[in-house]
file my_file36.tsv (TSV, C-alpha atoms)
chain	number	residue	atom	x	y	z
A	1	MET	CA	0.00	0.00	0.00
A	2	ASN	CA	0.94	3.64	-0.43
A	3	ILE	CA	1.27	5.15	3.04
A	4	LEU	CA	1.70	8.79	3.98
A	5	LEU	CA	3.48	8.95	7.35
A	6	THR	CA	3.83	12.31	9.09
A	7	GLY	CA	6.41	12.75	11.84
A	8	VAL	CA	8.64	10.16	10.16
A	9	ASN	CA	11.74	11.51	11.91
A	10	GLY	CA	10.31	11.14	15.42
A	11	LEU	CA	10.84	8.29	17.86
A	12	LEU	CA	7.70	6.38	16.86
A	13	GLY	CA	7.79	7.54	13.23
A	14	SER	CA	11.26	6.21	12.51
A	15	SER	CA	10.53	2.84	14.12
A	16	LEU	CA	7.23	2.54	12.27
A	17	ALA	CA	8.77	3.58	8.94
A	18	SER	CA	11.41	0.85	9.28
A	19	LEU	CA	8.70	-1.71	10.00
A	20	LEU	CA	6.54	-0.59	7.07
A	21	VAL	CA	9.33	-0.84	4.49
A	22	LYS	CA	10.21	-4.31	5.82
A	23	LYS	CA	6.58	-5.24	5.14
A	24	ASN	CA	7.05	-3.99	1.54
A	25	HIS	CA	4.80	-0.95	1.83
A	26	ASN	CA	5.51	2.20	-0.17
A	27	VAL	CA	6.19	4.88	2.47
A	28	TYR	CA	6.12	8.64	1.94
A	29	GLY	CA	7.56	10.22	5.08
A	30	ILE	CA	6.87	13.85	6.02
A	31	ALA	CA	9.41	15.60	8.24
A	32	ARG	CA	9.80	19.20	9.34
A	33	ASP	CA	13.55	19.39	8.68
A	34	ASP	CA	16.50	17.39	7.38
A	35	ASN	CA	18.26	16.77	10.69
A	36	TYR	CA	17.71	13.02	11.08
A	37	GLU	CA	18.97	9.68	9.85
A	38	LYS	CA	17.26	8.55	6.66
A	39	ILE	CA	15.69	5.11	6.33
A	40	LYS	CA	16.36	3.24	3.11
A	41	LYS	CA	13.39	3.00	0.70
A	42	VAL	CA	11.37	5.75	2.45
A	43	LYS	CA	10.47	8.62	0.11
A	44	TYR	CA	11.02	11.73	2.21
A	45	ILE	CA	9.04	14.96	1.91
A	46	LYS	CA	10.30	18.05	3.72
A	47	LEU	CA	7.18	19.87	4.90
A	48	ASP	CA	6.67	22.17	7.88
A	49	PHE	CA	3.04	22.12	9.01
A	50	SER	CA	3.54	25.39	10.89
A	51	ARG	CA	4.08	27.17	7.54
A	52	ARG	CA	2.02	27.41	4.36
A	53	TRP	CA	1.49	24.16	2.52
A	54	GLY	CA	-1.05	22.67	0.14
A	55	PHE	CA	-2.30	19.42	-1.32
A	56	LYS	CA	0.20	19.81	-4.16
A	57	ASP	CA	2.95	19.10	-1.61
A	58	LEU	CA	1.50	15.62	-0.98
A	59	PRO	CA	1.58	12.45	-3.12
A	60	SER	CA	-1.54	12.01	-5.25
A	61	LYS	CA	-2.27	8.31	-4.68
A	62	ILE	CA	-2.38	7.32	-1.00
A	63	ASP	CA	-4.18	4.40	0.66
A	64	ILE	CA	-3.56	5.23	4.34
A	65	ILE	CA	-2.50	8.36	6.21
A	66	ILE	CA	-0.74	7.81	9.55
A	67	HIS	CA	-0.59	11.17	11.30
A	68	LEU	CA	2.09	11.12	14.03
A	69	ALA	CA	3.46	14.65	13.66
A	70	GLN	CA	3.07	17.00	16.61
A	71	SER	CA	4.50	20.35	17.61
A	72	ASN	CA	7.80	20.27	19.50
A	73	GLN	CA	6.74	23.52	21.19
A	74	PHE	CA	4.16	21.91	23.48
A	75	ARG	CA	5.94	23.10	26.63
A	76	ASN	CA	6.12	26.72	25.43
A	77	PHE	CA	2.57	27.91	25.99
A	78	PRO	CA	1.41	30.58	25.38
A	79	ASP	CA	4.49	31.93	23.55
A	80	LYS	CA	4.38	29.17	20.91
A	81	ALA	CA	0.64	28.51	20.91
A	82	SER	CA	0.44	29.28	17.19
A	83	ASP	CA	2.93	26.52	16.35
A	84	VAL	CA	0.99	24.01	18.46
A	85	PHE	CA	-2.29	25.00	16.81
A	86	LYS	CA	-0.97	24.80	13.25
A	87	VAL	CA	0.88	21.50	13.69
A	88	ASN	CA	-1.49	19.73	16.08
A	89	ILE	CA	-4.92	20.92	14.90
A	90	GLU	CA	-4.79	22.70	11.55
A	91	SER	CA	-2.66	20.01	9.92
A	92	THR	CA	-5.12	17.37	11.11
A	93	ALA	CA	-8.07	19.28	9.62
A	94	ARG	CA	-6.33	19.75	6.28
A	95	LEU	CA	-5.08	16.16	6.08
A	96	LEU	CA	-8.64	14.94	6.76
A	97	ASP	CA	-9.87	17.15	3.92
A	98	PHE	CA	-7.16	15.72	1.68
A	99	CYS	CA	-8.15	12.22	2.79
A	100	TYR	CA	-11.78	12.81	1.81
A	101	LYS	CA	-11.10	14.57	-1.49
A	102	SER	CA	-8.42	12.07	-2.55
A	103	GLU	CA	-10.48	9.02	-1.55
A	104	VAL	CA	-7.92	7.77	0.98
A	105	LYS	CA	-9.26	4.64	2.69
A	106	LYS	CA	-8.02	5.10	6.26
A	107	PHE	CA	-6.77	7.80	8.64
A	108	ILE	CA	-4.74	6.77	11.71
A	109	TYR	CA	-3.93	9.35	14.38
A	110	THR	CA	-1.84	9.34	17.54
A	111	SER	CA	-3.52	11.34	20.28
A	112	SER	CA	-2.42	11.01	23.94
A	113	GLY	CA	-3.43	9.01	26.98
A	114	GLY	CA	-3.28	12.30	28.85
A	115	VAL	CA	-6.74	13.23	27.56
A	116	TYR	CA	-8.23	10.99	30.27
A	117	GLY	CA	-6.76	12.97	33.18
A	118	ASN	CA	-5.57	11.00	36.20
A	119	SER	CA	-7.00	8.16	38.28
A	120	LYS	CA	-5.95	5.34	40.57
A	121	ARG	CA	-7.52	2.83	38.18
A	122	PRO	CA	-6.62	2.12	34.55
A	123	PHE	CA	-8.54	4.04	31.89
A	124	SER	CA	-10.50	2.14	29.24
A	125	GLU	CA	-11.46	3.53	25.86
A	126	LYS	CA	-15.13	3.71	26.93
A	127	GLU	CA	-14.42	6.46	29.47
A	128	SER	CA	-14.96	10.13	28.75
A	129	ILE	CA	-11.98	12.45	28.38
A	130	ILE	CA	-11.62	15.31	30.85
A	131	THR	CA	-13.44	18.60	30.30
A	132	PRO	CA	-11.83	21.13	27.92
A	133	GLY	CA	-11.08	23.65	30.67
A	134	GLU	CA	-8.90	21.11	32.48
A	135	LEU	CA	-7.05	19.73	29.46
A	136	GLY	CA	-4.58	22.54	28.88
A	137	TYR	CA	-3.48	23.72	25.45
A	138	TYR	CA	-1.43	20.72	24.31
A	139	LEU	CA	-3.90	18.04	25.39
A	140	GLY	CA	-6.70	20.31	24.18
A	141	SER	CA	-5.11	20.23	20.73
A	142	LYS	CA	-5.11	16.44	20.84
A	143	ALA	CA	-8.75	16.29	21.95
A	144	SER	CA	-9.72	18.80	19.26
A	145	SER	CA	-8.10	16.65	16.59
A	146	GLU	CA	-9.95	13.61	17.90
A	147	THR	CA	-13.25	15.47	17.47
A	148	LEU	CA	-12.38	16.46	13.91
A	149	ILE	CA	-11.33	12.90	13.05
A	150	GLU	CA	-14.47	11.27	14.45
A	151	SER	CA	-16.56	13.64	12.31
A	152	TYR	CA	-15.16	11.87	9.21
A	153	SER	CA	-15.76	8.31	10.46
A	154	SER	CA	-18.78	7.88	8.17
A	155	HIS	CA	-16.68	8.78	5.12
A	156	PHE	CA	-13.60	6.62	5.69
A	157	THR	CA	-12.13	4.46	8.45
A	158	THR	CA	-10.64	6.45	11.31
A	159	ILE	CA	-8.37	4.99	13.99
A	160	ILE	CA	-7.47	7.06	17.06
A	161	LEU	CA	-4.56	5.76	19.15
A	162	ARG	CA	-3.92	7.06	22.67
A	163	PRO	CA	-0.32	6.24	23.65
A	164	PHE	CA	0.81	6.21	27.28
A	165	PHE	CA	4.47	7.19	27.73
A	166	ILE	CA	6.23	5.81	24.66
A	167	TYR	CA	9.98	5.51	25.31
A	168	GLY	CA	13.04	4.41	23.39
A	169	PRO	CA	16.77	5.05	22.90
A	170	ARG	CA	16.41	7.77	20.22
A	171	GLN	CA	14.03	9.79	22.36
A	172	ASN	CA	14.53	13.45	23.22
A	173	ARG	CA	16.45	13.61	26.52
A	174	SER	CA	13.76	15.84	28.05
A	175	MET	CA	11.19	13.02	27.97
A	176	LEU	CA	10.43	10.90	31.01
A	177	VAL	CA	12.60	7.77	30.78
A	178	PRO	CA	15.80	9.28	29.28
A	179	ARG	CA	15.43	12.26	31.63
A	180	MET	CA	15.25	9.90	34.62
A	181	ILE	CA	18.29	8.01	33.40
A	182	ASP	CA	20.29	11.24	33.05
A	183	ASN	CA	19.14	12.60	36.42
A	184	ILE	CA	20.06	9.41	38.26
A	185	ALA	CA	23.41	9.14	36.47
A	186	ASN	CA	24.22	12.74	37.43
A	187	GLY	CA	22.94	12.55	41.00
A	188	ASN	CA	20.03	14.90	40.40
A	189	PRO	CA	16.87	14.52	42.46
A	190	ILE	CA	13.96	12.31	41.45
A	191	PHE	CA	10.80	13.97	42.73
A	192	LEU	CA	8.00	11.83	44.12
A	193	GLN	CA	4.43	12.85	44.79
A	194	GLY	CA	2.84	10.65	47.42
A	195	ARG	CA	4.73	7.65	48.74
A	196	ASN	CA	6.09	6.23	45.47
A	197	GLY	CA	5.21	8.78	42.80
A	198	ILE	CA	2.69	8.27	40.04
A	199	ARG	CA	2.10	4.85	38.49
A	200	ILE	CA	2.27	4.40	34.72
A	201	ASN	CA	2.54	1.60	32.15
A	202	PRO	CA	5.06	2.95	29.62
A	203	ILE	CA	5.41	1.25	26.24
A	204	TYR	CA	8.64	0.61	24.35
A	205	VAL	CA	8.72	2.18	20.90
A	206	ASP	CA	8.95	-1.12	18.99
A	207	ASP	CA	5.80	-2.43	20.70
A	208	ALA	CA	4.07	0.88	19.95
A	209	ALA	CA	5.12	0.77	16.29
A	210	LEU	CA	3.83	-2.78	15.90
A	211	SER	CA	0.51	-1.69	17.43
A	212	VAL	CA	0.19	1.13	14.90
A	213	TYR	CA	1.01	-1.31	12.11
A	214	LYS	CA	-1.66	-3.73	13.32
A	215	SER	CA	-4.21	-0.92	13.41
A	216	MET	CA	-3.85	-0.64	9.62
A	217	GLN	CA	-5.74	-3.94	9.41
A	218	ILE	CA	-8.77	-2.77	11.43
A	219	LYS	CA	-11.83	-2.50	9.18
A	220	LYS	CA	-13.98	-0.08	11.18
A	221	SER	CA	-13.44	3.17	13.03
A	222	GLU	CA	-12.04	2.57	16.52
A	223	ILE	CA	-10.17	4.10	19.47
A	224	TYR	CA	-7.33	2.21	21.18
A	225	ASN	CA	-5.17	2.78	24.23
A	226	ILE	CA	-1.51	2.03	23.57
A	227	GLY	CA	0.34	1.07	26.74
A	228	GLY	CA	3.00	-1.27	28.05
A	229	PRO	CA	2.81	-4.61	29.89
A	230	GLU	CA	3.90	-3.38	33.36
A	231	ILE	CA	2.37	-0.94	35.83
A	232	LEU	CA	5.21	0.73	37.72
A	233	SER	CA	5.59	3.69	40.04
A	234	ILE	CA	8.17	6.39	39.40
A	235	LYS	CA	10.03	5.10	42.45
A	236	GLU	CA	10.13	1.55	41.06
A	237	ILE	CA	11.39	2.78	37.68
A	238	ALA	CA	14.06	4.94	39.33
A	239	GLU	CA	15.21	2.07	41.56
A	240	GLY	CA	15.53	-0.22	38.52
A	241	ILE	CA	17.55	2.38	36.64
A	242	SER	CA	19.72	2.99	39.70
A	243	SER	CA	20.43	-0.71	40.02
A	244	TYR	CA	21.46	-0.85	36.36
A	245	LEU	CA	23.70	2.22	36.74
A	246	LYS	CA	25.04	0.94	40.09
A	247	THR	CA	24.25	4.16	41.89
A	248	GLU	CA	21.85	5.36	44.57
A	249	PRO	CA	18.78	7.39	43.59
A	250	ASN	CA	18.28	10.81	45.16
A	251	PHE	CA	14.58	10.84	46.01
A	252	GLN	CA	12.85	14.01	47.11
A	253	LYS	CA	9.22	14.17	48.18
A	254	ILE	CA	6.99	16.96	46.90
A	255	PRO	CA	3.51	17.89	48.16
A	256	GLY	CA	0.37	16.47	46.64
A	257	PRO	CA	-1.08	13.05	45.88
A	258	ALA	CA	0.31	10.74	43.22
A	259	LEU	CA	-1.77	11.27	40.07
A	260	ASP	CA	-1.61	7.92	38.27
A	261	LEU	CA	-1.99	7.66	34.49
A	262	ILE	CA	-2.50	4.01	33.56
A	263	SER	CA	-4.01	2.56	30.39
A	264	ASP	CA	-6.30	-0.44	30.26
A	265	ILE	CA	-4.82	-2.29	27.28
A	266	THR	CA	-7.34	-5.13	27.13
A	267	LYS	CA	-8.69	-3.97	23.76
A	268	MET	CA	-5.19	-3.34	22.39
A	269	LYS	CA	-4.04	-6.86	23.31
A	270	LYS	CA	-7.16	-8.47	21.85
A	271	GLU	CA	-7.36	-6.56	18.54
A	272	LEU	CA	-3.88	-5.14	17.86
A	273	HIS	CA	-0.80	-6.39	19.68
A	274	SER	CA	0.10	-7.70	23.12
A	275	PRO	CA	3.19	-5.73	24.26
A	276	GLU	CA	6.07	-7.84	25.50
A	277	ILE	CA	9.06	-5.55	26.06
A	278	LYS	CA	9.72	-4.56	29.68
A	279	ILE	CA	11.46	-1.36	30.61
A	280	PHE	CA	14.37	-2.87	32.57
A	281	ASP	CA	15.24	-5.10	29.62
A	282	THR	CA	15.86	-2.01	27.45
A	283	LEU	CA	18.19	0.07	29.62
A	284	ASN	CA	21.31	-1.14	27.79
A	285	PHE	CA	19.95	0.57	24.65
A	286	PHE	CA	20.12	4.01	26.30
A	287	LYS	CA	23.10	6.29	26.71
A	288	THR	CA	23.49	8.84	29.48
A	289	SER	CA	24.06	12.49	28.69

call {"tool": "encode", "arguments": {"input": "my_file36.tsv", "output": "structure tokens"}}
result
Amino acid sequence: MNILLTGVNGLLGSSLASLLVKKNHNVYGIARDDNYEKIKKVKYIKLDFSRRWGFKDLPSKIDIIIHLAQSNQFRNFPDKASDVFKVNIESTARLLDFCYKSEVKKFIYTSSGGVYGNSKRPFSEKESIITPGELGYYLGSKASSETLIESYSSHFTTIILRPFFIYGPRQNRSMLVPRMIDNIANGNPIFLQGRNGIRINPIYVDDAALSVYKSMQIKKSEIYNIGGPEILSIKEIAEGISSYLKTEPNFQKIPGPALDLISDITKMKKELHSPEIKIFDTLNFFKTS
């Protein structure tokens, strides 16, 4: 199939692109710049969604769009709100329009597990997302895109994926797992809310990529949580990293309850992929900064 993959140079995008070409799909990869390692057989398109672009910039014959691209300015609100809007919302709206007008068969989108809020129990796909006023700008952009996508579900198949803490060795060092590795290696504090910090079930990038690939085979519009096989607290993750690095963690307590963010992956395991990779089996893939 001819696949248009946005965010091809990101952590998930590069892993997914490699998988797709191995499966003999024809991949057109959209990236914002040229500063990344190219994957053989991927046809790259340099396109910045925060600037002017049109349908003429896209391939004419596409079977599936996989929209992974998101603004890298999500922490810079409100100064970079325009970038977040254009990349996270406007690009989704325009790609959906392209999908409809070009008779693309399927649109797959990566949202965020953060749209559920926080709870002591795992979130299932049947639960409502939190109210717009509590989402914040970044998660609001994800929820807005979900609304736009679901509006097209009667015209073509739409798949919304809600990942929970994807991690991997090529990840930006500011993200959770590599940031924890660097902080522990350098003796910096690991902050814990509550007794052990929040609990999460992070998913390794290869498991996440395989889940996205499997979603290409789903015949009707669906929403899926994408999470890992283990539920761990921040303290447990830090202790495992510290054991690997042969150093002691520097824990510091901060006020407030632990706000867990855990995905119920029952539907994912049944219909997409059952994740197998555990976080402590991947630490040798990471480098410290």

call {"tool": "closest_atom_pairs", "arguments": {"input": "my_file36.tsv", "of": "stretch 109-167 of chain A", "to": "stretch 11-33 of chain A", "cutoff": "12 Å", "atoms": "all atoms listed in the file", "output": "Markdown table"}}
result
| residue | atom | partner | partner_atom | distance |
| --- | --- | --- | --- | --- |
| A:Tyr109 | CA | A:Gly13 | CA | 11.9 |
| A:Thr110 | CA | A:Leu12 | CA | 10.0 |
| A:Pro163 | CA | A:Leu12 | CA | 10.5 |
| A:Phe165 | CA | A:Leu12 | CA | 11.4 |
| A:Ile166 | CA | A:Leu12 | CA | 8.0 |
| A:Tyr167 | CA | A:Leu11 | CA | 8.0 |

call {"tool": "closest_residue", "arguments": {"input": "my_file36.tsv", "among": "A:Ile184, A:Cys99, A:Arg170, A:Pro202", "to": "A:Tyr152", "atoms": "all atoms listed in the file"}}
result
A:Cys99

call {"tool": "residues_around", "arguments": {"input": "my_file36.tsv", "residues": "A:Ile149", "least_positions_apart": "5", "cutoff": "10 Å", "atoms": "only C-alpha atoms", "output": "list of chain:residue names"}}
result
A:Thr92, A:Ala93, A:Leu95, A:Leu96, A:Phe107, A:Ile108, A:Tyr109, A:Ala143, A:Ser144, A:Phe156, A:Thr157, A:Thr158, A:Ile159, A:Ile160, A:Ser221

call {"tool": "closest_residue", "arguments": {"input": "my_file36.tsv", "among": "A:Thr288, A:Ser119, A:Ser128, A:Gln73", "to": "A:Val177", "atoms": "only C-alpha atoms"}}
result
A:Thr288

call {"tool": "atom_distance", "arguments": {"input": "my_file36.tsv", "atom1": "atom CA of A:Lys46", "atom2": "atom CA of A:Ser91"}}
result
14.5 Å

call {"tool": "residues_near_point", "arguments": {"input": "my_file36.tsv", "point": "(2.0, 17.2, 19.6)", "cutoff": "7 Å", "atoms": "all atoms listed in the file", "output": "short mmCIF file (atom, residue, chain, number, x, y, z; two decimals) with C-alpha atoms, in the frame of the given file"}}
result
data_model
loop_
_atom_site.label_atom_id
_atom_site.label_comp_id
_atom_site.auth_asym_id
_atom_site.auth_seq_id
_atom_site.Cartn_x
_atom_site.Cartn_y
_atom_site.Cartn_z
CA ALA A 69 3.46 14.65 13.66
CA GLN A 70 3.07 17.00 16.61
CA SER A 71 4.50 20.35 17.61
CA ASN A 72 7.80 20.27 19.50
CA PHE A 74 4.16 21.91 23.48
CA VAL A 84 0.99 24.01 18.46
CA ASN A 88 -1.49 19.73 16.08
CA TYR A 138 -1.43 20.72 24.31
#

call {"tool": "atom_distance", "arguments": {"input": "my_file36.tsv", "atom1": "atom CA of A:Ile129", "atom2": "atom CA of A:Ile223"}}
result
12.3 Å

call {"tool": "closest_residue", "arguments": {"input": "my_file36.tsv", "among": "A:Arg52, A:Lys270, A:Lys106, A:Lys278", "to": "A:Lys220", "atoms": "all atoms listed in the file"}}
result
A:Lys106

call {"tool": "atom_distance", "arguments": {"input": "my_file36.tsv", "atom1": "atom CA of A:Leu47", "atom2": "atom CA of A:Pro78"}}
result
23.8 Å

call {"tool": "axis_aligned_box", "arguments": {"input": "my_file36.tsv", "around": "stretch 4-12 of chain A", "padding_each_side": "3 Å", "output": "JSON"}}
result
{"center_x": 6.7, "center_y": 9.6, "center_z": 10.9, "size_x": 16.0, "size_y": 12.4, "size_z": 19.9}

call {"tool": "residues_around", "arguments": {"input": "my_file36.tsv", "residues": "A:Lys61", "least_positions_apart": "3", "cutoff": "12 Å", "atoms": "only C-alpha atoms", "output": "ChimeraX atom specification"}}
result
/A:1-4,26-28,55-56,58,64-65,98-99,101-105

call {"tool": "write_last_selection", "arguments": {"input": "my_file36.tsv", "atoms": "C-alpha atoms", "output": "PDB file, in the frame of the given file"}}
result
ATOM      1  CA  MET A   1       0.000   0.000   0.000  1.00  0.00           C
ATOM      2  CA  ASN A   2       0.940   3.640  -0.430  1.00  0.00           C
ATOM      3  CA  ILE A   3       1.270   5.150   3.040  1.00  0.00           C
ATOM      4  CA  LEU A   4       1.700   8.790   3.980  1.00  0.00           C
ATOM      5  CA  ASN A  26       5.510   2.200  -0.170  1.00  0.00           C
ATOM      6  CA  VAL A  27       6.190   4.880   2.470  1.00  0.00           C
ATOM      7  CA  TYR A  28       6.120   8.640   1.940  1.00  0.00           C
ATOM      8  CA  PHE A  55      -2.300  19.420  -1.320  1.00  0.00           C
ATOM      9  CA  LYS A  56       0.200  19.810  -4.160  1.00  0.00           C
ATOM     10  CA  LEU A  58       1.500  15.620  -0.980  1.00  0.00           C
ATOM     11  CA  ILE A  64      -3.560   5.230   4.340  1.00  0.00           C
ATOM     12  CA  ILE A  65      -2.500   8.360   6.210  1.00  0.00           C
ATOM     13  CA  PHE A  98      -7.160  15.720   1.680  1.00  0.00           C
ATOM     14  CA  CYS A  99      -8.150  12.220   2.790  1.00  0.00           C
ATOM     15  CA  LYS A 101     -11.100  14.570  -1.490  1.00  0.00           C
ATOM     16  CA  SER A 102      -8.420  12.070  -2.550  1.00  0.00           C
ATOM     17  CA  GLU A 103     -10.480   9.020  -1.550  1.00  0.00           C
ATOM     18  CA  VAL A 104      -7.920   7.770   0.980  1.00  0.00           C
ATOM     19  CA  LYS A 105      -9.260   4.640   2.690  1.00  0.00           C
TER      20      LYS A 105
END

call {"tool": "closest_residue", "arguments": {"input": "my_file36.tsv", "among": "A:Tyr213, A:Ile39, A:Gly256, A:Gly168", "to": "A:Phe280", "atoms": "all atoms listed in the file"}}
result
A:Gly168

call {"tool": "closest_residue", "arguments": {"input": "my_file36.tsv", "among": "A:Met268, A:Ile241, A:Asp97, A:Pro169", "to": "A:Ile218", "atoms": "all atoms listed in the file"}}
result
A:Met268

call {"tool": "closest_residue", "arguments": {"input": "my_file36.tsv", "among": "A:Gly136, A:Asn35, A:Ser60, A:Pro229", "to": "A:Asn76", "atoms": "all atoms listed in the file"}}
result
A:Gly136

call {"tool": "residues_around", "arguments": {"input": "my_file36.tsv", "residues": "A:Phe164", "least_positions_apart": "6", "cutoff": "12 Å", "atoms": "all atoms listed in the file", "output": "ChimeraX atom specification"}}
result
/A:110-118,122-123,176,199-205,207-208,224-231,260-265

call {"tool": "residues_around", "arguments": {"input": "my_file36.tsv", "residues": "A:Gly240", "least_positions_apart": "2", "cutoff": "12 Å", "atoms": "all atoms listed in the file", "output": "ChimeraX atom specification"}}
result
/A:177,180-181,184,232-238,242-249,278-283
